[in-house]
Every structure is written in C-alpha cells, then in structure tokens.
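Below: data-v1.txt (compact mmCIF, C-alpha atoms)
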# COMPACT_ATOMS: atom_id res chain seq x y z
CA MET A 1 69.32 114.31 -148.82
CA SER A 2 68.71 115.22 -145.20
CA LYS A 3 70.10 113.20 -142.34
CA TYR A 4 69.01 112.97 -138.74
CA ALA A 5 71.75 113.01 -136.16
CA GLU A 6 71.93 112.50 -132.44
CA ILE A 7 74.74 114.04 -130.42
CA LYS A 8 75.56 112.43 -127.10
CA THR A 9 76.48 115.49 -125.10
CA GLU A 10 79.86 115.52 -123.37
CA PHE A 11 81.16 118.24 -121.07
CA ARG A 12 83.98 119.72 -123.17
CA ASN A 13 83.59 123.48 -123.01
CA GLU A 14 84.56 124.97 -119.65
CA ALA A 15 82.64 128.23 -120.12
CA ALA A 16 79.49 126.35 -121.09
CA LEU A 17 79.92 124.01 -118.12
CA ILE A 18 80.19 126.93 -115.68
CA ALA A 19 77.17 128.68 -117.23
CA ALA A 20 75.20 125.43 -116.96
CA MET A 21 76.22 124.91 -113.33
CA MET A 22 75.03 128.42 -112.44
CA GLU A 23 71.76 127.92 -114.27
CA THR A 24 71.08 124.46 -112.83
CA THR A 25 71.87 125.56 -109.27
CA PRO A 26 70.96 129.27 -109.17
CA LYS A 27 72.41 129.78 -105.68
CA TRP A 28 75.87 129.30 -107.18
CA ALA A 29 77.29 132.70 -108.01
CA ARG A 30 80.23 132.79 -110.41
CA GLU A 31 82.73 133.41 -107.59
CA MET A 32 81.60 130.19 -105.88
CA ILE A 33 82.90 128.13 -108.78
CA GLU A 34 86.66 127.68 -108.69
CA VAL A 35 88.51 127.09 -111.95
CA HIS A 36 92.05 125.70 -111.83
CA LYS A 37 94.64 125.12 -114.52
CA ASP A 38 95.87 122.09 -112.59
CA PRO A 39 93.58 119.72 -110.70
CA GLN A 40 93.05 120.46 -107.02
CA ASN A 41 92.07 118.05 -104.27
CA LEU A 42 88.45 117.77 -103.27
CA HIS A 43 87.63 117.78 -99.56
CA GLY A 44 85.04 115.91 -97.57
CA TYR A 45 82.53 117.35 -95.11
CA THR A 46 85.01 117.12 -92.21
CA GLY A 47 87.71 118.85 -94.21
CA ASP A 48 89.44 115.60 -95.05
CA THR A 49 91.20 115.29 -98.37
CA ARG A 50 89.38 113.01 -100.76
CA ALA A 51 90.96 110.81 -103.39
CA GLU A 52 89.47 112.78 -106.26
CA SER A 53 90.77 116.00 -107.75
CA ALA A 54 89.11 118.42 -110.14
CA HIS A 55 89.66 121.51 -112.28
CA VAL A 56 86.22 123.06 -111.72
CA ILE A 57 85.14 122.96 -108.08
CA VAL A 58 82.29 124.05 -105.83
CA ARG A 59 83.42 123.85 -102.23
CA ARG A 60 81.31 121.92 -99.74
CA GLN A 61 79.91 124.94 -97.88
CA ASN A 62 78.24 126.02 -101.14
CA VAL A 63 76.97 122.56 -102.08
CA GLN A 64 74.60 121.76 -99.22
CA GLU A 65 74.64 121.08 -95.49
CA ALA A 66 77.15 118.38 -94.50
CA ALA A 67 78.22 118.14 -98.12
CA ASN A 68 81.49 117.24 -99.75
CA ASP A 69 83.23 119.28 -102.45
CA LEU A 70 81.77 118.76 -105.90
CA GLY A 71 83.99 118.98 -108.93
CA PHE A 72 84.66 118.28 -112.57
CA GLU A 73 87.98 116.84 -113.63
CA ARG A 74 89.31 117.47 -117.13
CA THR A 75 90.41 114.17 -118.65
CA PRO A 76 93.29 113.74 -121.14
CA GLU A 77 90.60 113.48 -123.84
CA GLY A 78 89.40 117.00 -122.99
CA THR A 79 86.07 116.04 -121.44
CA TYR A 80 85.05 116.85 -117.88
CA ARG A 81 84.21 114.01 -115.51
CA ALA A 82 81.90 114.77 -112.57
CA HIS A 83 83.02 113.93 -109.06
CA ILE A 84 79.97 113.97 -106.82
CA SER A 85 80.07 112.14 -103.51
CA ASN A 86 77.61 109.36 -102.73
CA PHE A 87 76.11 111.58 -100.02
CA ASP A 88 75.43 114.46 -102.41
CA ARG A 89 74.37 112.18 -105.24
CA GLY A 90 72.14 110.20 -102.90
CA HIS A 91 72.83 106.52 -102.43
CA ASP A 92 69.94 105.72 -104.75
CA GLY A 93 70.93 108.49 -107.18
CA GLN A 94 67.93 110.57 -106.12
CA GLY A 95 69.78 113.09 -103.97
CA THR A 96 70.10 116.84 -104.54
CA TYR A 97 72.96 116.26 -106.97
CA GLY A 98 71.81 112.90 -108.26
CA GLU A 99 70.76 111.71 -111.70
CA ALA A 100 68.00 114.29 -112.14
CA TRP A 101 70.42 117.12 -111.39
CA LEU A 102 73.01 115.70 -113.80
CA LYS A 103 70.40 115.46 -116.56
CA ARG A 104 69.34 119.08 -116.03
CA LEU A 105 73.00 120.10 -116.00
CA ARG A 106 73.63 118.23 -119.25
CA GLN A 107 70.58 119.83 -120.87
CA ASN A 108 71.63 123.31 -119.82
CA TYR A 109 75.21 122.59 -120.85
CA ALA A 110 74.06 121.55 -124.33
CA TYR A 111 72.17 124.83 -124.70
CA HIS A 112 75.09 126.96 -123.53
CA ALA A 113 77.58 125.04 -125.67
CA VAL A 114 75.46 125.64 -128.79
CA ARG A 115 74.80 129.26 -127.78
CA LEU A 116 78.48 130.10 -127.22
CA GLN A 117 79.50 128.40 -130.46
CA GLN A 118 76.87 130.16 -132.53
CA GLU A 119 77.33 133.56 -130.87
CA ALA A 120 81.02 133.34 -131.81
CA ALA A 121 79.83 132.95 -135.41
CA GLY A 122 77.62 136.05 -135.11
CA ARG A 123 74.33 134.19 -134.70
CA THR A 124 71.77 134.13 -131.94
CA VAL A 125 70.14 131.13 -130.26
CA SER A 126 66.70 131.24 -128.70
CA ARG A 127 65.41 128.57 -126.37
CA GLU A 128 61.96 127.19 -125.66
CA PHE A 129 61.14 124.89 -122.74
CA MET A 130 58.78 122.14 -123.85
CA PRO A 131 56.10 120.56 -121.64
CA ASN A 132 57.74 117.14 -122.07
CA GLY A 133 60.91 118.34 -120.36
CA ARG A 134 62.78 118.92 -123.58
CA GLN A 135 64.35 122.13 -124.78
CA ARG A 136 64.10 123.41 -128.33
CA LEU A 137 66.72 125.73 -129.77
CA MET A 138 66.39 127.97 -132.81
CA VAL A 139 69.49 129.39 -134.42
CA ARG A 140 69.09 132.72 -136.21
CA GLY A 141 71.50 134.67 -138.33
CA TYR A 142 72.29 132.34 -141.20
CA ARG A 143 72.96 134.13 -144.45
CA MET B 1 65.88 128.85 -142.87
CA ILE B 2 66.13 128.61 -139.09
CA PRO B 3 67.80 125.40 -137.89
CA VAL B 4 66.00 123.79 -134.98
CA ILE B 5 67.74 121.59 -132.44
CA GLU B 6 66.01 119.62 -129.73
CA ILE B 7 67.65 118.72 -126.42
CA SER B 8 66.16 115.60 -124.86
CA ALA B 9 65.37 115.30 -121.17
CA GLU B 10 68.59 113.28 -120.92
CA GLY B 11 70.54 116.24 -122.29
CA HIS B 12 71.39 114.95 -125.76
CA LEU B 13 70.90 116.85 -129.05
CA HIS B 14 68.66 115.81 -131.92
CA SER B 15 68.75 117.68 -135.21
CA LEU B 16 68.88 117.49 -138.95
CA TRP B 17 72.52 117.47 -139.91
CA THR B 18 73.99 120.84 -140.80
CA ASP B 19 77.64 121.75 -141.23
CA GLU B 20 76.83 125.22 -139.89
CA LEU B 21 76.87 123.74 -136.38
CA ASP B 22 79.98 122.04 -135.05
CA PHE B 23 78.30 119.03 -133.49
CA TYR B 24 81.67 117.39 -132.83
CA GLU B 25 82.41 120.16 -130.32
CA ILE B 26 79.24 119.31 -128.39
CA GLY B 27 79.70 115.57 -128.11
CA ARG B 28 79.73 112.22 -129.89
CA VAL B 29 77.69 112.00 -133.09
CA VAL B 30 75.64 108.79 -133.23
CA ASN B 31 72.61 107.28 -134.88
CA VAL B 32 72.88 109.19 -138.17
CA HIS B 33 70.14 108.06 -140.52
CA ASP B 34 68.22 109.26 -143.56
CA ALA B 35 65.38 111.73 -143.09
CA SER B 36 64.35 112.65 -146.61
CA ARG B 37 65.59 113.43 -150.09
CA VAL B 38 64.72 115.86 -152.87
CA GLU B 39 64.59 114.39 -156.39
CA PHE B 40 63.59 115.76 -159.77
CA ASN B 41 60.59 114.09 -161.41
CA GLU B 42 61.17 114.33 -165.17
CA GLU B 43 57.68 113.30 -166.14
CA ASN B 44 56.00 115.93 -163.98
CA GLN B 45 58.87 118.45 -164.33
CA ILE B 46 58.90 119.13 -160.60
CA TRP B 47 61.10 118.66 -157.51
CA GLU B 48 59.73 116.10 -155.08
CA VAL B 49 60.42 115.78 -151.36
CA ILE B 50 60.46 112.08 -150.46
CA ASP B 51 60.13 110.69 -146.93
CA ALA B 52 63.07 108.31 -146.50
CA SER B 53 61.18 106.18 -143.98
CA ASP B 54 58.54 104.99 -146.48
CA GLY B 55 59.47 106.39 -149.91
CA GLN B 56 56.32 108.50 -150.12
CA VAL B 57 56.34 111.83 -151.97
CA VAL B 58 55.23 114.35 -149.35
CA HIS B 59 55.75 117.66 -151.15
CA CYS B 60 56.40 119.07 -154.64
CA ASP B 61 57.75 122.40 -155.86
CA LYS B 62 59.03 123.78 -159.17
CA ASN B 63 61.70 125.59 -157.20
CA ARG B 64 64.40 123.30 -155.75
CA ALA B 65 65.53 125.76 -153.06
CA ARG B 66 61.95 126.09 -151.81
CA ALA B 67 61.56 122.31 -151.79
CA ILE B 68 64.71 121.96 -149.66
CA GLU B 69 63.53 124.69 -147.30
CA TRP B 70 60.19 122.88 -146.90
CA GLU B 71 62.07 119.65 -146.25
CA ILE B 72 64.14 121.19 -143.45
CA VAL B 73 61.14 122.82 -141.75
CA ASN B 74 58.93 119.74 -141.93
CA PHE B 75 61.46 117.03 -141.19
CA GLY B 76 63.37 118.96 -138.52
CA PRO B 77 62.57 118.85 -134.77
CA GLY B 78 59.10 120.31 -134.21
CA GLY B 79 58.08 119.63 -137.80
CA PRO B 80 55.07 117.39 -138.55
CA LEU B 81 57.22 114.75 -140.27
CA TYR B 82 59.99 114.70 -137.70
CA LYS B 83 61.17 111.17 -136.88
CA GLY B 84 64.69 111.91 -135.72
CA ASP B 85 64.51 110.88 -132.09
CA ARG B 86 64.16 107.12 -131.90
CA SER B 87 63.88 107.27 -128.11
CA THR B 88 60.30 108.64 -128.32
Show me this structure written as structure tokens.
Amino acid sequence: MSKYAEIKTEFRNEAALIAAMMETTPKWAREMIEVHKDPQNLHGYTGDTRAESAHVIVRRQNVQEAANDLGFERTPEGTYRAHISNFDRGHDGQGTYGEAWLKRLRQNYAYHAVRLQQEAAGRTVSREFMPNGRQRLMVRGYR
Amino acid sequence: MIPVIEISAEGHLHSLWTDELDFYEIGRVVNVHDASRVEFNEENQIWEVIDASDGQVVHCDKNRARAIEWEIVNFGPGGPLYKGDRST
C-alpha cells in the first residue's frame, strides 16, 4: 500500500534557512546574515528600534534602499517566524520581500532541508526546476 | 528505487510516503491518502498493482519486489499515474 503525503513546510532548520536565504537573494553573502543565540532587536530605516526581535537577521543596509531590518524569530515550538516590515513586504504584499519572495524562500528552504537531512544519511539529492514553477528532487543512495 | 519529491510553487512537499525521509523535520504532514496497493491474484498467480482512486489493475508482475518498484515509479511525483497533489 502506497500513500500520498503533503508536507506543509515550516522553517525549522537554521542551516537550511540560511542556505535558502542566500539562494533566494544572491546578493546576501553568508557574513551578511547574523545568527544569534538570543533574539536581538530589529531596527527601522532611521535606526529606530522596532518592536520585533529575531535570531536570524539581515540588517537594513543589506535589504534594500530605505529598508528596515529583516529577521526570523525562533518560536518556543522551534519554528522560525519571519519579521518583514510592511515597506519591504510591500503594502499589497507585492514588494521585493513580499509573498512571491516568501514562496521562493520556502521552496528553496524545502530543498535545502531535504538535502541536508539526506546528506547526513550519506545520500545525495539532485534538483530539477520545472516549467510550472515547481521543483523536483531525486534522492540517490538508498541501499 | 529513487524517491522523487515535488516542491510546489507555494513551497510545500508532495511525495509518496517513505520512512527513509524524516518528513516531520520538514514540516506538518497533512492530506495523507491512498495511492495504490499491491495484491496477489490467486487465480492468475500474479502480483497486481491496483490504483486506489478507481480500483483498476494497472500493472502485473510475477515478482512482488518488481511490482512495488513499478508502483513507486508510476505513482510517485512525475509518474504517469501520479495524483498526489490535489491542488493541481
């Protein structure tokens, strides 16, 4: 008996999240992404301290012009919640870091999360980009 | 056998279930439903692959392992009988 399953991707793996951030926004070098054990305040475009804090942060000068810090806060459940300002998200969600960006980030995260998990088990994962915007992964190395 | 996983444009995974992948580490598992089954046909002395969506026999093989391998290739993402993603 075979079963189909759907997995609603959640940001849980910090290394996969960072890899996905760098892939989704190639201008972000690894050193531009801060990682903190304890959450740090995010700052607005004038340098003001915002209400949100995060464990994984890209500072505003690396986000875009007149941007605010962008970050991911680790919740008590172990998932990462995105903090993206209305300006950077776009008030209609169509901004540089809006819904489309978040979907690409989630896609790339899913790939890196599977890749890291399977590489740790001695397997390899190849990826194909489909014309319909999907990605297809093939896992090799099963005995 | 090479497991195939599809990532939707929304960033969610679709796959045939396998315990070789820790899906729980990736996110919340939802919408689990039957794809197919492999049953032995006593009269014909053969293993049959049956499509769970309509009960039709779609493949036969004397060798059970080969029948299961066929099932995974054809019902998995990218296979001609794939019906796992209900959003399409």
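Using all atoms listed in the file, we find that the part of chain A lying within 7 Å of chain B comprises Met1, Ser2, Lys3, Tyr4, Ala5, Glu6, Ile7, Lys8, Thr9, Glu10, Lys103, Arg104, Arg106, Gln107, Ala110, Ala113, Gly133, Arg134, Gln135, Arg136, Leu137, Met138, Val139 and Arg140 of chain A.
When only C-alpha atoms are used to compute distances to Thr75 in chain A, the closest of the residues A:Glu119, A:Asp38, A:Glu23, A:Glu31 turns out to be A:Asp38.
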### Task
Could you check how far CA of Met32 in chain A sits from CA of Thr79 in chain A, in Å to one decimal?
21.5 Å
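When CA of Lys27 in chain A is paired with CA of His43 in chain A, their separation reads 20.3 Å.
Interatomic distance, CA of Asn62 in chain A against CA of Ala29 in chain A: 9.6 Å.
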### Message
Which residues are close to Asn86 in chain A, i.e. within 12 Å by only C-alpha atoms, leaving aside same-chain residues fewer than 6 positions away? Reply as a ChimeraX atom specification.
### Response
/A:44,67-70,92-99
Written selection (C-alpha atoms) as a compact mmCIF listing (two decimals), in the coordinates of the input:
# COMPACT_ATOMS: atom_id res chain seq x y z
CA GLY A 44 85.04 115.91 -97.57
CA ALA A 67 78.22 118.14 -98.12
CA ASN A 68 81.49 117.24 -99.75
CA ASP A 69 83.23 119.28 -102.45
CA LEU A 70 81.77 118.76 -105.90
CA ASP A 92 69.94 105.72 -104.75
CA GLY A 93 70.93 108.49 -107.18
CA GLN A 94 67.93 110.57 -106.12
CA GLY A 95 69.78 113.09 -103.97
CA THR A 96 70.10 116.84 -104.54
CA TYR A 97 72.96 116.26 -106.97
CA GLY A 98 71.81 112.90 -108.26
CA GLU A 99 70.76 111.71 -111.70
#### Entry: B:Val73, B:Cys60, B:Ala65, B:Leu81 ranked by distance to Ile46 in chain B, top pick (using only C-alpha atoms)
B:Cys60
### Task
May I have the residues within 6 Å of Leu42 in chain A as number ranges by chain, using all atoms listed in the file and disregarding those fewer than 2 positions away in the same chain?
A: 50, 52-53, 69
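Considering the residues A:Met22, A:Ala120, A:Val114, A:Leu17 and counting only C-alpha atoms, Val56 in chain A has its shortest atom-to-atom contact with A:Leu17.
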### From A:Ala51, A:Ala121, A:Leu116, A:Met130, residue lying nearest Glu14 in chain A [all atoms listed in the file]
A:Leu116
### Task
For Ala66 in chain A, please output as a ChimeraX atom specification all residues within 12 Å (counting all atoms listed in the file; exclusion window: fewer than 5 positions along the same chain).
/A:43-47,59-61,85,87-88
